[in-house]
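Student: Encoded as structure tokens, here's the structure I'll be asking about.
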Amino acid sequence: MPASAADYVVTGDAIERPLEGAIGDAARGRAIVANRTLGLCLLCHSGPIPEERFQGNLAPPLDGAGSRWSEGQLRLRLVDPARLAPDSPMPAYYRTDGLSRVAPAFAGKPILTAAQIEDVVAYLATLREPGAAR
Amino acid sequence: MKRPARIWAILVVAGFAAAAGAQTATDGRRSGFADMSPALQAIQRDDMSNPAMLWVAEGEAQWNARAGNAGKSCADCHGAGESMRGVAVRYPAFDAKARTVVDLDGRIDRCRNEHQRASSPAPESRPRLAIAAYVAFQSRGMAIAPPTGGSLDAAAIAGEALYRQRLGQLNLSCAQCHDERAGGSLAGVAIPQAHPTGYPLYRSEWQGLGSLQRRIRNCMTGVRAEPYPFGAPELVELEVFLMRRAAGMAWETPAVRP
């Protein structure tokens with residue numbers, strides 16, 4: 001399951017088509033976001049997941065992400081955010097090249113699988129700002 | 001009535017200056033000590049409750065114990081442990097005989113091999129940490145004063161490059177957290193500025209003493225990188241850079257951290 005740029009097409013600042021044609025599930029996506037050793041999201045971001053008490057403040061809150069970005073835009077921001085912001089600390093969740101000294105247990109593997117990324121995209125798309133129309 | 005008030009004010013100002021000690025209060029650098037809870041700060045301040053003092057005491061016993069095929073103690077050559085005052089704040093240093101840069105632990109280990117003709121205890125083992133803690137403890141309160149020179153300057157440059165290099169599956173550099181996001185919350189835990197002012201130190205998370213190399217390796221594991229092995233030149237280079245970055249700050253060994 002090699003992850004590389006060949007697996008998807010970037011259009012503007014988005015990847016419009018789901019990775020590997022997977023269909024995301026928002027409930028599974030929420031569980032991945034909340035999981036500190038899988039999604040890792042709440043280490044840096046905060047989000048509307050009240051049962052997770054210790055959340056980060058190093059990156060923008062996830063609240064409202066679905067109002068700010070389309071699913072395609074969210075997908076590219078997860079897959080390879082360095083394409084948009086090279087200095088961002090946000091890891092590329094679906095890239096295995098261009099990395100240094102990756103620990104053997106993680107070598108050649110993306111942080112999340114294509115199916116997991118689709119789940120997270122589906123969840124983030126549900127996070128609307130109150131009153132925002134889209 | 002006015003005069004005593006003025007004297008009192010002067011004393012207060014002098015007291016603050018003394019408390020700030022070697023660490024300049026104006027340049028924004030903070031030891032991790034400053035961000036700890038008052039309870040944990042009190043434990044570090046009180047030698048009777050600081051758990052790291054157990055290692056210091058063990059180190060003192062080692063200092064005076066004859067060891068190795070040479071049957072010599074540290075004290076046989078160096079005299080009292082107090083003779084080590086000022087050493088820890090200027091390591092890593094260039095070892096002219098080995099023609100390489102060594103950190104304090106590496107220097108002690110060379111002494112052990114060459115002069116005591118004793119074998120090296122494993123990295124992070126209790127005897128190794130204890131003697132390092134005892135030697136480093138002698139410099140407590142002094143200002144960090146890294147030496148300069150060709151090899152050390154080169155090591156500092158290499159160390160800074162490593163500090164800024166993105167590593168691991170999570171692709172993060174030291175600088176991205178400890179320079180650019182220090183003070184922020186990583187899952188509810190404040191990110192420190194990463195000044196190595198008190199190693200080896202007692203960390204609650206470890207339930208024991210550990211070296212700066214152990215701490216750096218922990219961070220590397222955290223970003224899912226393959227850590228450099230203990231004693232690797234890269235870790236010593238990072239130590240050189242971090243000590244220069246902390247130059248002038250007060251030495252705390254044996255420090256306590258959460």
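Scheme for the structure tokens: letters A, B, ... for chains in order shown; per-chain residue numbers from 1; ligand numbers from 1 in order shown.
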What residues in chain B lie within 7 Å of chain A, counting only C-alpha atoms, written as a list in words?

Tutor: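 So the residues of chain B near chain A are Leu167, Gly168, Gln169, Leu170, Asn171, Leu172, Gln176, Arg181, Gly184, Ser185, Leu186, Ala187, Gly188, Arg224, Ala225 and Glu226 of chain B.
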
Student: Those same residues, written as an mmCIF file, in the first residue's frame with N, CA, C and O atoms?

Tutor:
data_model
loop_
_atom_site.group_PDB
_atom_site.id
_atom_site.type_symbol
_atom_site.label_atom_id
_atom_site.label_comp_id
_atom_site.auth_asym_id
_atom_site.auth_seq_id
_atom_site.Cartn_x
_atom_site.Cartn_y
_atom_site.Cartn_z
ATOM 1 N N LEU B 167 12.479 15.606 10.972
ATOM 2 C CA LEU B 167 12.804 14.190 11.138
ATOM 3 C C LEU B 167 11.555 13.348 11.331
ATOM 4 O O LEU B 167 10.553 13.818 11.860
ATOM 5 N N GLY B 168 11.677 12.097 10.934
ATOM 6 C CA GLY B 168 10.682 11.092 11.301
ATOM 7 C C GLY B 168 9.431 11.123 10.445
ATOM 8 O O GLY B 168 9.245 11.974 9.575
ATOM 9 N N GLN B 169 8.551 10.162 10.711
ATOM 10 C CA GLN B 169 7.296 10.094 9.965
ATOM 11 C C GLN B 169 6.464 11.362 10.180
ATOM 12 O O GLN B 169 5.754 11.796 9.276
ATOM 13 N N LEU B 170 6.575 11.963 11.370
ATOM 14 C CA LEU B 170 5.812 13.187 11.626
ATOM 15 C C LEU B 170 6.525 14.426 11.085
ATOM 16 O O LEU B 170 5.960 15.529 11.115
ATOM 17 N N ASN B 171 7.782 14.266 10.659
ATOM 18 C CA ASN B 171 8.465 15.310 9.883
ATOM 19 C C ASN B 171 8.550 16.638 10.648
ATOM 20 O O ASN B 171 8.213 17.689 10.107
ATOM 21 N N LEU B 172 9.014 16.556 11.892
ATOM 22 C CA LEU B 172 9.122 17.762 12.719
ATOM 23 C C LEU B 172 10.572 17.985 13.133
ATOM 24 O O LEU B 172 11.296 17.031 13.397
ATOM 25 N N GLN B 176 10.893 23.589 15.389
ATOM 26 C CA GLN B 176 9.478 23.867 15.153
ATOM 27 C C GLN B 176 8.669 23.854 16.447
ATOM 28 O O GLN B 176 7.696 24.587 16.572
ATOM 29 N N ARG B 181 7.240 27.276 18.828
ATOM 30 C CA ARG B 181 5.989 27.047 19.556
ATOM 31 C C ARG B 181 6.188 26.821 21.051
ATOM 32 O O ARG B 181 5.301 26.303 21.732
ATOM 33 N N GLY B 184 3.488 26.973 24.011
ATOM 34 C CA GLY B 184 2.197 26.470 23.534
ATOM 35 C C GLY B 184 1.869 25.148 24.202
ATOM 36 O O GLY B 184 2.689 24.568 24.921
ATOM 37 N N SER B 185 0.653 24.668 23.956
ATOM 38 C CA SER B 185 0.197 23.442 24.596
ATOM 39 C C SER B 185 0.181 22.286 23.609
ATOM 40 O O SER B 185 -0.517 22.329 22.605
ATOM 41 N N LEU B 186 0.989 21.268 23.887
ATOM 42 C CA LEU B 186 0.965 20.024 23.129
ATOM 43 C C LEU B 186 0.133 19.043 23.946
ATOM 44 O O LEU B 186 0.610 18.532 24.968
ATOM 45 N N ALA B 187 -1.101 18.840 23.525
ATOM 46 C CA ALA B 187 -2.016 17.969 24.271
ATOM 47 C C ALA B 187 -2.071 18.339 25.754
ATOM 48 O O ALA B 187 -2.024 17.482 26.628
ATOM 49 N N GLY B 188 -2.126 19.638 26.022
ATOM 50 C CA GLY B 188 -2.277 20.082 27.404
ATOM 51 C C GLY B 188 -0.976 20.241 28.165
ATOM 52 O O GLY B 188 -0.986 20.658 29.322
ATOM 53 N N ARG B 224 8.542 9.858 15.645
ATOM 54 C CA ARG B 224 8.640 8.594 14.903
ATOM 55 C C ARG B 224 9.876 8.566 14.017
ATOM 56 O O ARG B 224 9.840 8.102 12.870
ATOM 57 N N ALA B 225 10.977 9.062 14.593
ATOM 58 C CA ALA B 225 12.280 8.968 13.921
ATOM 59 C C ALA B 225 13.107 7.887 14.604
ATOM 60 O O ALA B 225 12.849 7.530 15.758
ATOM 61 N N GLU B 226 14.102 7.368 13.886
ATOM 62 C CA GLU B 226 15.055 6.429 14.462
ATOM 63 C C GLU B 226 16.028 7.251 15.318
ATOM 64 O O GLU B 226 16.766 8.083 14.788
#

Student: Any idea what's packed within 9 Å of segment 147-154 of chain B, counting only C-alpha atoms, ignoring anything in its chain fewer than 3 positions away? Could you give it as a PyMOL selection string?

Tutor: chain B and resi 90-94+99-101+157-159+237+240-241+244

Student: Go ahead and save the picked residues with all heavy atoms, as a short mmCIF file (atom, residue, chain, number, x, y, z; two decimals), in the first residue's frame.

Tutor:
data_model
loop_
_atom_site.label_atom_id
_atom_site.label_comp_id
_atom_site.auth_asym_id
_atom_site.auth_seq_id
_atom_site.Cartn_x
_atom_site.Cartn_y
_atom_site.Cartn_z
N ARG B 90 31.02 23.92 31.25
CA ARG B 90 31.80 24.14 30.02
C ARG B 90 31.96 22.87 29.18
O ARG B 90 32.85 22.76 28.35
CB ARG B 90 33.15 24.79 30.34
CG ARG B 90 34.01 24.00 31.29
CD ARG B 90 35.34 24.72 31.51
NE ARG B 90 36.09 24.18 32.64
CZ ARG B 90 36.78 23.06 32.60
NH1 ARG B 90 36.82 22.33 31.50
NH2 ARG B 90 37.43 22.64 33.67
N TYR B 91 31.05 21.92 29.40
CA TYR B 91 31.01 20.74 28.52
C TYR B 91 29.77 20.79 27.65
O TYR B 91 28.80 21.41 28.04
CB TYR B 91 31.02 19.46 29.38
CG TYR B 91 32.43 18.94 29.56
CD1 TYR B 91 33.29 19.55 30.47
CD2 TYR B 91 32.93 17.91 28.77
CE1 TYR B 91 34.59 19.12 30.61
CE2 TYR B 91 34.23 17.47 28.91
CZ TYR B 91 35.06 18.07 29.83
OH TYR B 91 36.35 17.64 29.97
N PRO B 92 29.79 20.16 26.45
CA PRO B 92 30.86 19.40 25.82
C PRO B 92 32.11 20.25 25.55
O PRO B 92 32.01 21.46 25.36
CB PRO B 92 30.26 18.91 24.50
CG PRO B 92 28.78 18.98 24.71
CD PRO B 92 28.56 20.12 25.64
N ALA B 93 33.26 19.56 25.53
CA ALA B 93 34.54 20.23 25.30
C ALA B 93 35.36 19.41 24.32
O ALA B 93 35.03 18.24 24.05
CB ALA B 93 35.28 20.38 26.63
N PHE B 94 36.42 20.03 23.79
CA PHE B 94 37.31 19.32 22.88
C PHE B 94 38.32 18.52 23.69
O PHE B 94 38.99 19.07 24.57
CB PHE B 94 38.03 20.32 21.97
CG PHE B 94 38.93 19.65 20.96
CD1 PHE B 94 38.39 18.88 19.93
CD2 PHE B 94 40.31 19.79 21.05
CE1 PHE B 94 39.22 18.26 19.01
CE2 PHE B 94 41.14 19.16 20.13
CZ PHE B 94 40.60 18.40 19.11
N ARG B 99 41.16 13.84 20.27
CA ARG B 99 40.93 14.71 19.11
C ARG B 99 39.48 14.67 18.65
O ARG B 99 39.18 14.54 17.47
CB ARG B 99 41.89 14.34 17.98
CG ARG B 99 43.29 14.72 18.42
CD ARG B 99 44.44 14.33 17.55
NE ARG B 99 44.24 14.29 16.14
CZ ARG B 99 45.05 13.61 15.31
NH1 ARG B 99 46.08 12.94 15.79
NH2 ARG B 99 44.85 13.63 14.02
N THR B 100 38.61 14.77 19.64
CA THR B 100 37.17 14.81 19.32
C THR B 100 36.44 15.59 20.40
O THR B 100 36.98 15.85 21.48
CB THR B 100 36.60 13.38 19.18
OG1 THR B 100 35.26 13.46 18.73
CG2 THR B 100 36.64 12.64 20.50
N VAL B 101 35.21 15.97 20.09
CA VAL B 101 34.38 16.68 21.07
C VAL B 101 33.66 15.64 21.92
O VAL B 101 33.07 14.69 21.39
CB VAL B 101 33.36 17.59 20.34
CG1 VAL B 101 32.40 18.23 21.34
CG2 VAL B 101 34.10 18.67 19.54
N ILE B 157 27.75 24.26 14.77
CA ILE B 157 27.08 24.48 13.47
C ILE B 157 26.33 23.22 13.05
O ILE B 157 25.17 23.27 12.64
CB ILE B 157 28.11 24.92 12.41
CG1 ILE B 157 28.60 26.35 12.73
CG2 ILE B 157 27.52 24.87 11.01
CD1 ILE B 157 29.83 26.78 11.95
N ALA B 158 27.00 22.08 13.18
CA ALA B 158 26.35 20.82 12.83
C ALA B 158 25.15 20.57 13.73
O ALA B 158 24.09 20.12 13.28
CB ALA B 158 27.35 19.67 12.95
N GLY B 159 25.30 20.90 15.03
CA GLY B 159 24.21 20.70 15.98
C GLY B 159 23.01 21.57 15.66
O GLY B 159 21.86 21.12 15.76
N GLU B 237 26.81 16.80 19.12
CA GLU B 237 26.70 18.07 18.39
C GLU B 237 25.46 18.85 18.83
O GLU B 237 25.52 20.07 19.02
CB GLU B 237 26.65 17.80 16.88
CG GLU B 237 28.00 17.37 16.32
CD GLU B 237 27.91 16.65 14.96
OE1 GLU B 237 26.79 16.48 14.44
OE2 GLU B 237 28.97 16.28 14.44
N VAL B 240 26.26 20.43 22.11
CA VAL B 240 27.10 21.63 21.97
C VAL B 240 26.23 22.82 21.59
O VAL B 240 26.31 23.90 22.19
CB VAL B 240 28.21 21.41 20.90
CG1 VAL B 240 28.94 22.72 20.62
CG2 VAL B 240 29.19 20.34 21.36
N PHE B 241 25.36 22.61 20.61
CA PHE B 241 24.50 23.71 20.17
C PHE B 241 23.58 24.17 21.30
O PHE B 241 23.43 25.37 21.56
CB PHE B 241 23.67 23.30 18.94
CG PHE B 241 22.59 24.28 18.62
CD1 PHE B 241 22.90 25.55 18.15
CD2 PHE B 241 21.25 23.95 18.81
CE1 PHE B 241 21.91 26.48 17.88
CE2 PHE B 241 20.25 24.88 18.53
CZ PHE B 241 20.57 26.14 18.08
N ARG B 244 25.34 26.22 23.97
CA ARG B 244 25.63 27.59 23.52
C ARG B 244 24.36 28.43 23.54
O ARG B 244 24.37 29.61 23.88
CB ARG B 244 26.22 27.58 22.12
CG ARG B 244 27.64 27.08 22.13
CD ARG B 244 28.30 27.30 20.79
NE ARG B 244 29.69 26.83 20.85
CZ ARG B 244 30.61 27.15 19.97
NH1 ARG B 244 30.32 27.92 18.94
NH2 ARG B 244 31.84 26.69 20.11
#

Student: Report as a PyMOL selection string all protein, DNA and RNA residues lying within 10 Å of Ala122 of chain A, evaluated on only C-alpha atoms, omitting residues in the same chain fewer than 4 positions from it.

Tutor: chain A and resi 23-30+66+71+74-75+116-118+126-127

Student: Write out as a list in words each polymer residue whose atoms come within 12 Å of Arg215 of chain B, counting only C-alpha atoms; drop sequence neighbours fewer than 3 positions from it.

Tutor: Glu124, Cys174, Ala194, His195, Pro196, Gly198, Tyr199, Pro200, Leu201, Tyr202, Arg203, Glu205, Trp206, Leu209, Gly210, Ser211, Leu212, Asn218, Cys219, Met220, Thr221, Gly222, Pro227, Tyr228, Phe230, Leu235, Leu238, Glu239 and Arg257 of chain B

Student: For the atom pair atom CA of Gly64 of chain A and atom CA of Leu84 of chain A, what is the interatomic distance in Å to one decimal place?

Tutor: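 Computed distance, atom CA of Gly64 of chain A to atom CA of Leu84 of chain A, equals 19.7 Å.
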
Student: As number ranges by chain, please: every residue in segment 51-94 of chain B that DSSP puts in alpha helix (DSSP H).

Tutor: B: 53-64, 74-78

Student: Please, could you write that set of residues out with N, CA and C atoms as a short mmCIF file (atom, residue, chain, number, x, y, z; two decimals), in the first residue's frame?

Tutor:
data_model
loop_
_atom_site.label_atom_id
_atom_site.label_comp_id
_atom_site.auth_asym_id
_atom_site.auth_seq_id
_atom_site.Cartn_x
_atom_site.Cartn_y
_atom_site.Cartn_z
N MET B 53 18.99 13.64 44.42
CA MET B 53 20.12 13.68 45.35
C MET B 53 20.58 12.28 45.76
N LEU B 54 19.70 11.28 45.57
CA LEU B 54 20.12 9.90 45.84
C LEU B 54 21.24 9.49 44.89
N TRP B 55 21.11 9.93 43.62
CA TRP B 55 22.15 9.61 42.64
C TRP B 55 23.43 10.41 42.94
N VAL B 56 23.24 11.65 43.38
CA VAL B 56 24.40 12.47 43.72
C VAL B 56 25.19 11.81 44.86
N ALA B 57 24.47 11.31 45.86
CA ALA B 57 25.14 10.66 46.99
C ALA B 57 25.87 9.40 46.52
N GLU B 58 25.22 8.66 45.64
CA GLU B 58 25.86 7.46 45.09
C GLU B 58 27.10 7.84 44.28
N GLY B 59 27.01 8.94 43.57
CA GLY B 59 28.13 9.42 42.79
C GLY B 59 29.31 9.83 43.68
N GLU B 60 28.99 10.40 44.81
CA GLU B 60 30.06 10.79 45.74
C GLU B 60 30.80 9.55 46.25
N ALA B 61 30.04 8.49 46.54
CA ALA B 61 30.67 7.24 46.99
C ALA B 61 31.58 6.68 45.90
N GLN B 62 31.08 6.75 44.64
CA GLN B 62 31.90 6.28 43.51
C GLN B 62 33.18 7.09 43.37
N TRP B 63 33.05 8.39 43.56
CA TRP B 63 34.19 9.31 43.42
C TRP B 63 35.36 8.85 44.32
N ASN B 64 34.99 8.37 45.48
CA ASN B 64 36.02 8.02 46.46
C ASN B 64 36.38 6.53 46.48
N CYS B 74 38.55 8.33 41.60
CA CYS B 74 38.58 9.68 41.00
C CYS B 74 39.36 10.60 41.92
N ALA B 75 39.09 10.44 43.24
CA ALA B 75 39.71 11.33 44.23
C ALA B 75 41.23 11.17 44.25
N ASP B 76 41.74 9.99 43.92
CA ASP B 76 43.19 9.78 43.94
C ASP B 76 43.89 10.75 43.00
N CYS B 77 43.27 11.06 41.86
CA CYS B 77 43.88 12.01 40.93
C CYS B 77 43.37 13.43 41.13
N HIS B 78 42.05 13.55 41.31
CA HIS B 78 41.42 14.89 41.27
C HIS B 78 41.30 15.53 42.65
#
